[in-house]
Amino acid sequence: MPRYGLDRELRLIQDETLILGSMVEQAMLNSIDALRRRDAIAAQEVIADDHRINDKRYAIENRILILFATHAPLAHDMRVLAATLEVTTEIERIGDYAKGIAKVAVKLADDETPIPMREIQTMADIAVSMLHRALGAFVSEDLVSAHALPAEDDKVDELYNLIYKRIIQTMVNNPSGIEHSNQVLWVIHNLERTADRVTNICERIVYMVTGELMELESSEEDATE
Amino acid sequence: MKKRVDWRLLSPFLYSFGLLIALGLIGVPLIQKYWVGPRLAQGIQPDFRACGWAIVGIALLSPVVGTFISVHLLRGHLTHLRLLTEASRKLGEGDFENVKIENSVNTLPEVETLGVTLAKTAEQLESHFDVLSKERAMLSAVLSQMTDGVVIADNEGHVQLLNHTAERLFKISNSKAQGKSIVEVLRHHALIELWEVSQTTKPQTITIEIGTDHRFLQVVGIALGEALPGRTMLLLQDLTQTHRLETVRRDFISNISHELRTPLAGLKAISETLLDGALDEPEVAKKFVIRMDSEVENLTQMVNELLELSRIEAGRSNFEFRLIAPCQLVRDPVERIMLQAERVGLTLELNCAEDLPMVMADPNRIAQVFINLLHNAIKFTPTGGHISVNVRATDRDVIFKVQDNGVGIMPKDLSRIFERFYKADRARSGGGTGLGLSICKHMVEAHGGRIWAESEEGMGSSFFFTIPIKNR
């Protein structure tokens, strides 16, 4: 097949990756929304739609493998495809986090106990915006953004620690609410992991453009480890 | 077109040939007369060889001179042609201002015709161009001033155009977006699906919330069809504001229904008990009717307050402002509440200096504000507590302060207590409607003042409001 065919295929795969990303972004925002509104039906929808995300990811993977087989891509093209395989995996995992949050939303739908929703919403907004911009940097091969984005993880970690301490305090003061507090911990954990996955995506962008695989550290230590 | 031999191409030869003949016709007699003739007359044999050389020289020179003359004439025509070329180049660039086509008299007829035609073409082009650019300006003004976003893409999925609103919505400039894939620009699967579907079907509409700035959009996908084959347009209407107002309205209705339901349920329970036999025992029945009366009182108060609030919010409430001393505003409501406070074992104290500057105020409305604040203070202060009202002036405002040493307000509630139906402590506020402070806020603001609260949990609360001094 001529070069034109390969270029076209590569572009289509990138478009598909962006679509996958947007599905996951939406799933994440919807799950947080369902949590805030105590809306079990909306949360169930997020859970049910997760298979569409998985299907899309498999479709992209398939397409890449076929391209490997038919074009035997070299150098930069090969790195783009290898990185895309990795990036779609990361996106799909973030989709799983969204599903996890939706499951919590279902459990807490009938519980009137307050949730620190404002902080959680901010965490989610930052994490989703990071994902959005990382994928933008991925298709435009924007190294500057790829290096800058992991630093924003700090804000997410900061919020994580803040909510974490508050919830532990609530657990100590009110042991009967431990089940509820534990669910909220699960939500913020998922959001914190989402931001970490974005850092992984940024590492793949650097690899794709330069061929070097390096760890991009945010300035602070990881909040959970 | 018939191909003709243009004899003018032979002009250099004709010039040289003519020159040669002219020289022959003039030269030979001259030689004869001034060179050969005199020599023959003196008996000298003339040297015909020199004569021969002269003829050869002339013959050789004449084509050179002829060519020179012809080129000189040609240069005139060429200059004119070059001017025309320049003019047509400017036409091509659309630079109508600087197109100058002069018709020199001394030129070839073909070149002259070309000049005239070009001048006409320039005129026509300019007028066409004018019409087009005016239309274009109008279209682009409409596009850029539209509050709806417009995105146009071709059937390959390449973005062709984004208007200003769409640029803002998707945070990318039109020039950057052009030629990029629509996926890369819009970055939302639902929008891409809409674009794909509307290429082949009737216009489709979806409503979605996008991005972390939570924009609420209604999007219509329209294939542009015959006008622009293969192109599809997405029309995006930003409904974020409307959506937000809708949410506020819905919350309000759900609040008010909830507030109405409670006293109504009480009434229903009492009336059922009465019907079930309590009526036959006059003592019990009387007690129930008294409770019914107080529930109805509550309901009436709430409805009245709601009406008042909606009147104030609509700006239709009538205020009767007059110039008045601040102490006069306070004294009456404090006296009215005094008895009530003493009955529940609270002390109420008023501190007001008589020399405070005058303010413009409606005494009845301000009395209402005080009564509301004092009622709250009484409700949230345990027996034995103390309530004080203080009035002082700054250089711009008079500040009124109602202070108690009651239960106080939690910090998280402090910023919300002036919202409609907000109740910090539902158990304690019991009979209240949750509208009182909201009404106070509106009334104070109608006077051009501010209202706020400070509090420490367990230590009591202070409510402040200001009225601007009617100056000088």
# chains A, B, ... in the order shown; residues from 1 in each chain; ligands from 1
call {"tool": "residues_around", "arguments": {"residues": "segment 14-24 of chain B", "least_positions_apart": "4", "cutoff": "9 Å", "atoms": "only C-alpha atoms", "output": "MDAnalysis selection string"}}
result
chainID B and resid 10 28:29 55 58:59 61:67 69:70
call {"tool": "residues_around", "arguments": {"residues": "segment 336-348 of chain B", "least_positions_apart": "2", "cutoff": "10 Å", "atoms": "only C-alpha atoms", "output": "VMD selection string"}}
result
chain B and resid 331 to 334 350 367 370 to 371 374 to 375 377 to 379 381 to 389 403 to 404
call {"tool": "closest_residue", "arguments": {"among": "A:His76, A:Ile178, A:Glu90, A:Leu143", "to": "Asp7 of chain A", "atoms": "only C-alpha atoms"}}
result
A:His76
call {"tool": "interface_residues", "arguments": {"of": "chain B", "to": "chain A", "cutoff": "12 Å", "atoms": "only C-alpha atoms", "output": "JSON list (two decimals) with N, CA and C atoms, in the first residue's frame"}}
result
[["chain", "number", "residue", "atom", "x", "y", "z"],
["B", 156, "GLU", "N", -14.85, 14.50, 4.27],
["B", 156, "GLU", "CA", -13.69, 13.76, 4.76],
["B", 156, "GLU", "C", -13.49, 13.99, 6.26],
["B", 157, "GLY", "N", -14.27, 14.91, 6.81],
["B", 157, "GLY", "CA", -14.12, 15.21, 8.23],
["B", 157, "GLY", "C", -13.08, 16.28, 8.51],
["B", 158, "HIS", "N", -12.77, 17.07, 7.49],
["B", 158, "HIS", "CA", -11.84, 18.18, 7.72],
["B", 158, "HIS", "C", -12.63, 19.45, 8.01],
["B", 170, "PHE", "N", -14.66, 25.84, 21.72],
["B", 170, "PHE", "CA", -13.71, 24.73, 21.60],
["B", 170, "PHE", "C", -12.26, 25.17, 21.82],
["B", 171, "LYS", "N", -12.10, 26.43, 22.21],
["B", 171, "LYS", "CA", -10.78, 26.95, 22.58],
["B", 171, "LYS", "C", -9.74, 26.71, 21.49],
["B", 172, "ILE", "N", -10.11, 26.99, 20.25],
["B", 172, "ILE", "CA", -9.16, 26.86, 19.14],
["B", 172, "ILE", "C", -9.52, 27.92, 18.10],
["B", 176, "LYS", "N", -6.27, 27.90, 13.03],
["B", 176, "LYS", "CA", -5.62, 26.67, 13.47],
["B", 176, "LYS", "C", -6.47, 25.45, 13.17],
["B", 180, "LYS", "N", -7.91, 20.66, 10.01],
["B", 180, "LYS", "CA", -7.74, 19.61, 11.02],
["B", 180, "LYS", "C", -8.96, 18.69, 11.00],
["B", 181, "SER", "N", -8.78, 17.49, 11.56],
["B", 181, "SER", "CA", -9.93, 16.59, 11.58],
["B", 181, "SER", "C", -10.93, 17.10, 12.61],
["B", 182, "ILE", "N", -12.20, 16.89, 12.30],
["B", 182, "ILE", "CA", -13.27, 17.41, 13.15],
["B", 182, "ILE", "C", -13.21, 16.80, 14.55],
["B", 183, "VAL", "N", -12.67, 15.58, 14.63],
["B", 183, "VAL", "CA", -12.51, 14.93, 15.93],
["B", 183, "VAL", "C", -11.54, 15.72, 16.80],
["B", 184, "GLU", "N", -10.46, 16.16, 16.16],
["B", 184, "GLU", "CA", -9.42, 16.87, 16.90],
["B", 184, "GLU", "C", -9.91, 18.23, 17.38],
["B", 185, "VAL", "N", -10.83, 18.82, 16.63],
["B", 185, "VAL", "CA", -11.31, 20.15, 16.99],
["B", 185, "VAL", "C", -12.44, 20.07, 18.02],
["B", 186, "LEU", "N", -13.41, 19.19, 17.78],
["B", 186, "LEU", "CA", -14.58, 19.15, 18.66],
["B", 186, "LEU", "C", -14.34, 18.33, 19.92],
["B", 187, "ARG", "N", -13.55, 17.26, 19.79],
["B", 187, "ARG", "CA", -13.16, 16.44, 20.93],
["B", 187, "ARG", "C", -14.34, 15.91, 21.73],
["B", 188, "HIS", "N", -15.44, 15.58, 21.07],
["B", 188, "HIS", "CA", -16.54, 14.97, 21.82],
["B", 188, "HIS", "C", -17.26, 13.94, 20.95],
["B", 189, "HIS", "N", -17.34, 12.71, 21.48],
["B", 189, "HIS", "CA", -17.89, 11.62, 20.66],
["B", 189, "HIS", "C", -19.33, 11.88, 20.23],
["B", 190, "ALA", "N", -20.11, 12.50, 21.13],
["B", 190, "ALA", "CA", -21.52, 12.72, 20.78],
["B", 190, "ALA", "C", -21.64, 13.69, 19.60],
["B", 191, "LEU", "N", -20.76, 14.70, 19.56],
["B", 191, "LEU", "CA", -20.78, 15.66, 18.46],
["B", 191, "LEU", "C", -20.35, 15.00, 17.15],
["B", 192, "ILE", "N", -19.37, 14.09, 17.24],
["B", 192, "ILE", "CA", -18.89, 13.40, 16.05],
["B", 192, "ILE", "C", -19.99, 12.48, 15.50],
["B", 193, "GLU", "N", -20.67, 11.79, 16.44],
["B", 193, "GLU", "CA", -21.79, 10.93, 16.02],
["B", 193, "GLU", "C", -22.85, 11.75, 15.32],
["B", 208, "ILE", "N", -26.34, 18.31, 25.01],
["B", 208, "ILE", "CA", -25.29, 17.66, 25.78],
["B", 208, "ILE", "C", -24.61, 18.65, 26.71],
["B", 209, "GLU", "N", -23.94, 18.10, 27.72],
["B", 209, "GLU", "CA", -23.12, 18.93, 28.60],
["B", 209, "GLU", "C", -21.69, 18.55, 28.29],
["B", 210, "ILE", "N", -20.85, 19.54, 27.95],
["B", 210, "ILE", "CA", -19.48, 19.17, 27.58],
["B", 210, "ILE", "C", -18.44, 19.83, 28.46],
["B", 211, "GLY", "N", -17.36, 19.07, 28.65],
["B", 211, "GLY", "CA", -16.14, 19.63, 29.23],
["B", 211, "GLY", "C", -16.21, 19.92, 30.71],
["B", 212, "THR", "N", -15.06, 20.31, 31.26],
["B", 212, "THR", "CA", -14.98, 20.56, 32.68],
["B", 212, "THR", "C", -15.51, 21.94, 33.03],
["B", 213, "ASP", "N", -15.79, 22.77, 32.00],
["B", 213, "ASP", "CA", -16.48, 24.02, 32.34],
["B", 213, "ASP", "C", -18.00, 23.83, 32.27],
["B", 214, "HIS", "N", -18.41, 22.57, 32.09],
["B", 214, "HIS", "CA", -19.82, 22.17, 32.18],
["B", 214, "HIS", "C", -20.75, 23.06, 31.36],
["B", 412, "LYS", "N", -20.24, 26.87, 57.88],
["B", 412, "LYS", "CA", -20.70, 26.45, 56.55],
["B", 412, "LYS", "C", -22.09, 27.00, 56.22]]
call {"tool": "residues_around", "arguments": {"residues": "Ala98 of chain A", "least_positions_apart": "4", "cutoff": "12 Å", "atoms": "only C-alpha atoms", "output": "PyMOL selection string"}}
result
chain A and resi 23-35+43-50+53+91-94+102-105+124+127-128+186-194
call {"tool": "closest_atom_pairs", "arguments": {"of": "segment 79-171 of chain A", "to": "segment 200-204 of chain A", "cutoff": "6 Å", "atoms": "only C-alpha atoms", "output": "CSV"}}
result
residue,atom,partner,partner_atom,distance
A:Ala83,CA,A:Arg204,CA,5.6
A:Val87,CA,A:Ile201,CA,5.6
A:Ala146,CA,A:Cys202,CA,4.8
call {"tool": "write_last_selection", "arguments": {"atoms": "N, CA and C atoms", "output": "PDB file, in the first residue's frame"}}
result
ATOM      1  N   ALA A  83       2.865   3.588  21.034  1.00  0.00           N
ATOM      2  CA  ALA A  83       2.407   4.509  22.074  1.00  0.00           C
ATOM      3  C   ALA A  83       0.890   4.521  22.140  1.00  0.00           C
ATOM      4  N   VAL A  87      -1.481   4.121  25.262  1.00  0.00           N
ATOM      5  CA  VAL A  87      -2.367   5.219  25.674  1.00  0.00           C
ATOM      6  C   VAL A  87      -3.817   4.752  25.758  1.00  0.00           C
ATOM      7  N   ALA A 146       3.322  17.917  27.261  1.00  0.00           N
ATOM      8  CA  ALA A 146       3.564  16.601  27.837  1.00  0.00           C
ATOM      9  C   ALA A 146       4.468  16.705  29.063  1.00  0.00           C
TER      10      ALA A 146
END
call {"tool": "residues_around", "arguments": {"residues": "Ala109 of chain A", "least_positions_apart": "4", "cutoff": "6 Å", "atoms": "only C-alpha atoms", "output": "number ranges by chain"}}
result
A: 38-40, 105
call {"tool": "write_last_selection", "arguments": {"atoms": "N, CA and C atoms", "output": "tab-separated table (two decimals), in the first residue's frame"}}
result
chain	number	residue	atom	x	y	z
A	38	ARG	N	-27.19	12.19	43.74
A	38	ARG	CA	-27.69	10.95	44.33
A	38	ARG	C	-28.62	10.25	43.33
A	39	ASP	N	-28.17	10.20	42.08
A	39	ASP	CA	-29.02	9.71	41.00
A	39	ASP	C	-28.56	8.32	40.58
A	40	ALA	N	-29.24	7.30	41.12
A	40	ALA	CA	-28.82	5.92	40.87
A	40	ALA	C	-28.99	5.54	39.40
A	105	ALA	N	-21.76	5.67	43.55
A	105	ALA	CA	-22.93	6.55	43.47
A	105	ALA	C	-24.22	5.77	43.63
call {"tool": "residues_around", "arguments": {"residues": "Gln241 of chain B", "least_positions_apart": "3", "cutoff": "12 Å", "atoms": "only C-alpha atoms", "output": "compact mmCIF listing (two decimals) with N, CA and C atoms, in the first residue's frame"}}
result
# COMPACT_ATOMS: atom_id res chain seq x y z
N HIS B 214 -18.41 22.57 32.09
CA HIS B 214 -19.82 22.17 32.18
C HIS B 214 -20.75 23.06 31.36
N ARG B 215 -20.39 23.21 30.08
CA ARG B 215 -21.25 23.97 29.17
C ARG B 215 -22.41 23.08 28.73
N PHE B 216 -23.56 23.67 28.70
CA PHE B 216 -24.75 22.94 28.31
C PHE B 216 -25.14 23.38 26.92
N LEU B 217 -25.05 22.47 25.94
CA LEU B 217 -25.24 22.88 24.54
C LEU B 217 -26.40 22.15 23.88
N GLN B 237 -25.88 25.92 20.24
CA GLN B 237 -26.50 26.96 21.04
C GLN B 237 -26.15 26.73 22.51
N ASP B 238 -25.59 27.76 23.15
CA ASP B 238 -25.14 27.63 24.53
C ASP B 238 -26.32 27.87 25.47
N ARG B 244 -29.08 26.73 34.08
CA ARG B 244 -28.83 27.06 35.48
C ARG B 244 -30.10 27.66 36.12
N LEU B 245 -30.72 28.61 35.39
CA LEU B 245 -31.94 29.22 35.90
C LEU B 245 -33.03 28.18 36.10
N GLU B 246 -33.09 27.26 35.16
CA GLU B 246 -34.08 26.19 35.23
C GLU B 246 -33.87 25.38 36.52
N THR B 247 -32.60 25.09 36.84
CA THR B 247 -32.30 24.33 38.05
C THR B 247 -32.74 25.09 39.30
N VAL B 248 -32.43 26.42 39.31
CA VAL B 248 -32.82 27.24 40.46
C VAL B 248 -34.34 27.21 40.64
call {"tool": "closest_residue", "arguments": {"among": "B:Val116, B:Ile467, B:Val71, B:Leu125", "to": "Ser11 of chain B", "atoms": "only C-alpha atoms"}}
result
B:Val71
call {"tool": "select_by_dssp", "arguments": {"residues": "segment 139-246 of chain B", "states": "alpha helix (DSSP H)", "output": "MDAnalysis selection string"}}
result
chainID B and resid 139:145 164:170 174:177 182:186 189:198 240:246
call {"tool": "residues_around", "arguments": {"residues": "Glu141 of chain A", "least_positions_apart": "5", "cutoff": "10 Å", "atoms": "only C-alpha atoms", "output": "ChimeraX atom specification"}}
result
/A:80,134-136,146,205-206,208-210
call {"tool": "select_by_dssp", "arguments": {"residues": "segment 355-409 of chain B", "states": "strand (DSSP E)", "output": "list in words"}}
result
Val359, Met360, Ala361, His386, Ile387, Ser388, Val389, Asn390, Val391, Arg392, Ala393, Asp397, Val398, Ile399, Phe400, Lys401, Val402, Gln403 and Asp404 of chain B
call {"tool": "write_last_selection", "arguments": {"atoms": "C-alpha atoms", "output": "compact mmCIF listing (two decimals), in the first residue's frame"}}
result
# COMPACT_ATOMS: atom_id res chain seq x y z
CA VAL B 359 -30.82 58.58 56.80
CA MET B 360 -33.38 58.08 54.03
CA ALA B 361 -35.47 55.09 55.03
CA HIS B 386 -28.81 38.70 76.44
CA ILE B 387 -29.69 40.56 73.24
CA SER B 388 -28.39 44.02 72.42
CA VAL B 389 -29.09 46.44 69.60
CA ASN B 390 -26.36 48.95 68.81
CA VAL B 391 -26.32 51.78 66.32
CA ARG B 392 -23.24 53.67 65.23
CA ALA B 393 -22.13 55.69 62.24
CA ASP B 397 -23.18 54.60 56.60
CA VAL B 398 -25.12 54.05 59.76
CA ILE B 399 -24.46 50.51 60.99
CA PHE B 400 -27.14 48.65 62.92
CA LYS B 401 -26.12 45.60 64.91
CA VAL B 402 -28.27 42.97 66.59
CA GLN B 403 -26.17 40.81 68.87
CA ASP B 404 -27.07 37.77 70.95
call {"tool": "atom_distance", "arguments": {"atom1": "atom CA of Ile222 of chain B", "atom2": "atom CA of Ala153 of chain B"}}
result
10.8 Å
call {"tool": "atom_distance", "arguments": {"atom1": "atom CA of Tyr160 of chain A", "atom2": "atom CA of Glu217 of chain A"}}
result
17.5 Å
call {"tool": "decode", "arguments": {"residues": "segment 91-103 of chain A", "atoms": "all heavy atoms", "output": "compact mmCIF listing (two decimals), in the first residue's frame"}}
result
# COMPACT_ATOMS: atom_id res chain seq x y z
N ILE A 91 -6.37 4.97 28.90
CA ILE A 91 -7.69 5.62 28.83
C ILE A 91 -8.77 4.65 29.32
O ILE A 91 -9.64 5.00 30.10
CB ILE A 91 -8.02 6.08 27.40
CG1 ILE A 91 -6.99 7.09 26.91
CG2 ILE A 91 -9.39 6.70 27.34
CD1 ILE A 91 -7.18 7.48 25.45
N GLU A 92 -8.63 3.41 28.86
CA GLU A 92 -9.65 2.42 29.23
C GLU A 92 -9.66 2.20 30.74
O GLU A 92 -10.73 2.04 31.35
CB GLU A 92 -9.36 1.12 28.46
CG GLU A 92 -10.50 0.15 28.46
CD GLU A 92 -10.28 -0.94 29.49
OE1 GLU A 92 -9.11 -1.32 29.72
OE2 GLU A 92 -11.28 -1.38 30.07
N ARG A 93 -8.47 2.23 31.35
CA ARG A 93 -8.42 2.07 32.81
C ARG A 93 -9.10 3.23 33.52
O ARG A 93 -9.77 3.05 34.52
CB ARG A 93 -6.97 1.96 33.29
CG ARG A 93 -6.25 0.74 32.80
CD ARG A 93 -7.03 -0.52 33.10
NE ARG A 93 -6.93 -0.90 34.50
CZ ARG A 93 -5.90 -1.60 34.98
NH1 ARG A 93 -4.95 -2.03 34.17
NH2 ARG A 93 -5.85 -1.90 36.25
N ILE A 94 -8.92 4.44 32.96
CA ILE A 94 -9.60 5.59 33.56
C ILE A 94 -11.12 5.40 33.45
O ILE A 94 -11.87 5.73 34.36
CB ILE A 94 -9.15 6.90 32.87
CG1 ILE A 94 -7.66 7.13 33.14
CG2 ILE A 94 -9.96 8.10 33.38
CD1 ILE A 94 -7.07 8.33 32.45
N GLY A 95 -11.54 4.78 32.33
CA GLY A 95 -12.96 4.44 32.18
C GLY A 95 -13.42 3.53 33.31
O GLY A 95 -14.53 3.68 33.84
N ASP A 96 -12.56 2.59 33.69
CA ASP A 96 -12.90 1.70 34.80
C ASP A 96 -13.04 2.46 36.11
O ASP A 96 -13.90 2.16 36.94
CB ASP A 96 -11.83 0.61 34.95
CG ASP A 96 -11.88 -0.38 33.80
OD1 ASP A 96 -12.92 -0.41 33.11
OD2 ASP A 96 -10.88 -1.09 33.57
N TYR A 97 -12.17 3.50 36.29
CA TYR A 97 -12.30 4.31 37.51
C TYR A 97 -13.65 5.02 37.53
O TYR A 97 -14.30 5.11 38.58
CB TYR A 97 -11.18 5.36 37.58
CG TYR A 97 -9.80 4.77 37.75
CD1 TYR A 97 -8.70 5.34 37.12
CD2 TYR A 97 -9.60 3.64 38.54
CE1 TYR A 97 -7.43 4.81 37.27
CE2 TYR A 97 -8.34 3.10 38.69
CZ TYR A 97 -7.25 3.69 38.05
OH TYR A 97 -6.02 3.16 38.19
N ALA A 98 -14.06 5.53 36.36
CA ALA A 98 -15.36 6.20 36.27
C ALA A 98 -16.46 5.23 36.66
O ALA A 98 -17.39 5.57 37.41
CB ALA A 98 -15.59 6.74 34.86
N LYS A 99 -16.35 3.99 36.17
CA LYS A 99 -17.34 2.97 36.49
C LYS A 99 -17.34 2.71 38.00
O LYS A 99 -18.41 2.56 38.62
CB LYS A 99 -16.99 1.70 35.72
CG LYS A 99 -17.98 0.57 35.85
CD LYS A 99 -17.50 -0.58 34.97
CE LYS A 99 -18.22 -1.87 35.25
NZ LYS A 99 -17.61 -2.96 34.46
N GLY A 100 -16.14 2.66 38.58
CA GLY A 100 -16.02 2.46 40.03
C GLY A 100 -16.75 3.55 40.81
O GLY A 100 -17.48 3.26 41.76
N ILE A 101 -16.58 4.79 40.36
CA ILE A 101 -17.25 5.91 41.05
C ILE A 101 -18.76 5.79 40.88
O ILE A 101 -19.53 6.02 41.81
CB ILE A 101 -16.73 7.26 40.50
CG1 ILE A 101 -15.26 7.44 40.89
CG2 ILE A 101 -17.55 8.41 41.06
CD1 ILE A 101 -14.59 8.65 40.27
N ALA A 102 -19.18 5.37 39.67
CA ALA A 102 -20.62 5.21 39.43
C ALA A 102 -21.20 4.14 40.37
O ALA A 102 -22.31 4.29 40.87
CB ALA A 102 -20.87 4.84 37.98
N LYS A 103 -20.42 3.08 40.61
CA LYS A 103 -20.90 2.03 41.52
C LYS A 103 -21.09 2.59 42.93
O LYS A 103 -22.08 2.27 43.60
CB LYS A 103 -19.90 0.87 41.57
CG LYS A 103 -20.05 -0.07 40.38
CD LYS A 103 -19.08 -1.22 40.50
CE LYS A 103 -19.24 -2.18 39.33
NZ LYS A 103 -18.08 -3.07 39.22
